[in-house]
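Contents: one structure, followed by commentary.
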Amino acid sequence: MFGPLPVLHRIVLAAISICFGVVAGMWIAHFTPLPMAISGGALAGGLLGLVAAYVLGHGPGLQARPIRVIRRR
């Protein structure tokens, strides 16, 4: 899990993970004997890439938590 990222970095991270998922799905589906497996693999890989992008950007513990500050004079 990554920490809180700027918007541009989150968009780039999501795009890379989705593209990686699509290519990985196509590559795995290429080795199956089923017809139309590449488009199905690309779809499944893209969905898994979308889920991975969400998990990488919105993991637990990434929300800003208030910190108690004690000031003494």
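Going through the structure tokens in order, the chains are called A, B, and so on, while each chain numbers its residues from 1 and the ligands are numbered from 1 in the order shown.
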
Which of segment 14-70 of chain A DSSP labels helix (DSSP H, G or I), written as a ChimeraX atom specification | /A:14-30,37-57

Excluding Ala44 of chain A and residues on its chain fewer than 3 positions from it, collect all residues at most 10 Å away from it, counting only C-alpha atoms, and give them as a PDB file with all heavy atoms, in the first residue's frame.
```pdb
ATOM      1  N   GLY A  21      -2.628  -5.163 -16.003  1.00  0.00           N
ATOM      2  CA  GLY A  21      -3.644  -6.211 -15.874  1.00  0.00           C
ATOM      3  C   GLY A  21      -4.161  -6.677 -17.222  1.00  0.00           C
ATOM      4  O   GLY A  21      -4.338  -7.877 -17.450  1.00  0.00           O
ATOM      5  N   VAL A  22      -4.401  -5.741 -18.142  1.00  0.00           N
ATOM      6  CA  VAL A  22      -4.878  -6.105 -19.481  1.00  0.00           C
ATOM      7  C   VAL A  22      -3.841  -6.949 -20.216  1.00  0.00           C
ATOM      8  O   VAL A  22      -4.157  -7.989 -20.791  1.00  0.00           O
ATOM      9  CB  VAL A  22      -5.238  -4.835 -20.288  1.00  0.00           C
ATOM     10  CG1 VAL A  22      -5.450  -5.167 -21.759  1.00  0.00           C
ATOM     11  CG2 VAL A  22      -6.478  -4.184 -19.719  1.00  0.00           C
ATOM     12  N   ALA A  24      -1.354  -8.685 -18.928  1.00  0.00           N
ATOM     13  CA  ALA A  24      -1.176  -9.977 -18.247  1.00  0.00           C
ATOM     14  C   ALA A  24      -2.329 -10.918 -18.569  1.00  0.00           C
ATOM     15  O   ALA A  24      -2.119 -12.113 -18.807  1.00  0.00           O
ATOM     16  CB  ALA A  24      -1.070  -9.771 -16.737  1.00  0.00           C
ATOM     17  N   GLY A  25      -3.550 -10.396 -18.609  1.00  0.00           N
ATOM     18  CA  GLY A  25      -4.704 -11.224 -18.968  1.00  0.00           C
ATOM     19  C   GLY A  25      -4.615 -11.732 -20.395  1.00  0.00           C
ATOM     20  O   GLY A  25      -4.924 -12.895 -20.683  1.00  0.00           O
ATOM     21  N   MET A  26      -4.173 -10.884 -21.321  1.00  0.00           N
ATOM     22  CA  MET A  26      -4.008 -11.315 -22.708  1.00  0.00           C
ATOM     23  C   MET A  26      -2.906 -12.368 -22.831  1.00  0.00           C
ATOM     24  O   MET A  26      -3.040 -13.323 -23.589  1.00  0.00           O
ATOM     25  CB  MET A  26      -3.685 -10.107 -23.594  1.00  0.00           C
ATOM     26  CG  MET A  26      -4.852  -9.186 -23.815  1.00  0.00           C
ATOM     27  SD  MET A  26      -4.435  -7.648 -24.643  1.00  0.00           S
ATOM     28  CE  MET A  26      -3.680  -8.224 -26.131  1.00  0.00           C
ATOM     29  N   ALA A  29      -4.238 -15.635 -21.393  1.00  0.00           N
ATOM     30  CA  ALA A  29      -5.276 -16.191 -22.261  1.00  0.00           C
ATOM     31  C   ALA A  29      -4.716 -16.679 -23.597  1.00  0.00           C
ATOM     32  O   ALA A  29      -5.326 -17.510 -24.257  1.00  0.00           O
ATOM     33  CB  ALA A  29      -6.354 -15.157 -22.495  1.00  0.00           C
ATOM     34  N   ILE A  38      -8.434 -14.272 -25.834  1.00  0.00           N
ATOM     35  CA  ILE A  38      -7.601 -13.086 -25.632  1.00  0.00           C
ATOM     36  C   ILE A  38      -8.458 -11.896 -25.201  1.00  0.00           C
ATOM     37  O   ILE A  38      -8.089 -11.176 -24.283  1.00  0.00           O
ATOM     38  CB  ILE A  38      -6.810 -12.770 -26.916  1.00  0.00           C
ATOM     39  CG1 ILE A  38      -5.918 -13.955 -27.198  1.00  0.00           C
ATOM     40  CG2 ILE A  38      -6.078 -11.463 -26.789  1.00  0.00           C
ATOM     41  CD1 ILE A  38      -4.579 -13.691 -27.722  1.00  0.00           C
ATOM     42  N   SER A  39      -9.609 -11.706 -25.843  1.00  0.00           N
ATOM     43  CA  SER A  39     -10.449 -10.570 -25.440  1.00  0.00           C
ATOM     44  C   SER A  39     -11.031 -10.794 -24.042  1.00  0.00           C
ATOM     45  O   SER A  39     -11.142  -9.862 -23.249  1.00  0.00           O
ATOM     46  CB  SER A  39     -11.573 -10.342 -26.450  1.00  0.00           C
ATOM     47  OG  SER A  39     -12.392 -11.488 -26.529  1.00  0.00           O
ATOM     48  N   GLY A  40     -11.390 -12.030 -23.727  1.00  0.00           N
ATOM     49  CA  GLY A  40     -11.874 -12.333 -22.379  1.00  0.00           C
ATOM     50  C   GLY A  40     -10.789 -12.168 -21.339  1.00  0.00           C
ATOM     51  O   GLY A  40     -11.030 -11.666 -20.238  1.00  0.00           O
ATOM     52  N   GLY A  41      -9.582 -12.591 -21.695  1.00  0.00           N
ATOM     53  CA  GLY A  41      -8.450 -12.412 -20.781  1.00  0.00           C
ATOM     54  C   GLY A  41      -8.119 -10.952 -20.573  1.00  0.00           C
ATOM     55  O   GLY A  41      -7.774 -10.533 -19.466  1.00  0.00           O
ATOM     56  N   LEU A  47     -10.187  -5.765 -15.383  1.00  0.00           N
ATOM     57  CA  LEU A  47     -10.967  -5.665 -14.146  1.00  0.00           C
ATOM     58  C   LEU A  47     -10.094  -5.907 -12.922  1.00  0.00           C
ATOM     59  O   LEU A  47     -10.218  -5.212 -11.910  1.00  0.00           O
ATOM     60  CB  LEU A  47     -12.139  -6.636 -14.181  1.00  0.00           C
ATOM     61  CG  LEU A  47     -13.234  -6.300 -15.193  1.00  0.00           C
ATOM     62  CD1 LEU A  47     -14.282  -7.414 -15.234  1.00  0.00           C
ATOM     63  CD2 LEU A  47     -13.874  -4.978 -14.864  1.00  0.00           C
ATOM     64  N   LEU A  48      -9.207  -6.893 -13.015  1.00  0.00           N
ATOM     65  CA  LEU A  48      -8.287  -7.127 -11.894  1.00  0.00           C
ATOM     66  C   LEU A  48      -7.318  -5.962 -11.716  1.00  0.00           C
ATOM     67  O   LEU A  48      -6.960  -5.610 -10.584  1.00  0.00           O
ATOM     68  CB  LEU A  48      -7.517  -8.430 -12.103  1.00  0.00           C
ATOM     69  CG  LEU A  48      -8.329  -9.697 -11.868  1.00  0.00           C
ATOM     70  CD1 LEU A  48      -7.517 -10.932 -12.251  1.00  0.00           C
ATOM     71  CD2 LEU A  48      -8.771  -9.789 -10.428  1.00  0.00           C
ATOM     72  N   GLY A  49      -6.900  -5.357 -12.821  1.00  0.00           N
ATOM     73  CA  GLY A  49      -6.049  -4.167 -12.727  1.00  0.00           C
ATOM     74  C   GLY A  49      -6.777  -3.006 -12.086  1.00  0.00           C
ATOM     75  O   GLY A  49      -6.194  -2.232 -11.331  1.00  0.00           O
ATOM     76  N   LEU A  50      -8.071  -2.873 -12.378  1.00  0.00           N
ATOM     77  CA  LEU A  50      -8.879  -1.825 -11.763  1.00  0.00           C
ATOM     78  C   LEU A  50      -9.001  -2.044 -10.255  1.00  0.00           C
ATOM     79  O   LEU A  50      -8.878  -1.107  -9.465  1.00  0.00           O
ATOM     80  CB  LEU A  50     -10.256  -1.790 -12.411  1.00  0.00           C
ATOM     81  CG  LEU A  50     -11.168  -0.635 -12.080  1.00  0.00           C
ATOM     82  CD1 LEU A  50     -10.544   0.675 -12.541  1.00  0.00           C
ATOM     83  CD2 LEU A  50     -12.507  -0.827 -12.732  1.00  0.00           C
TER      84      LEU A  50
END
```
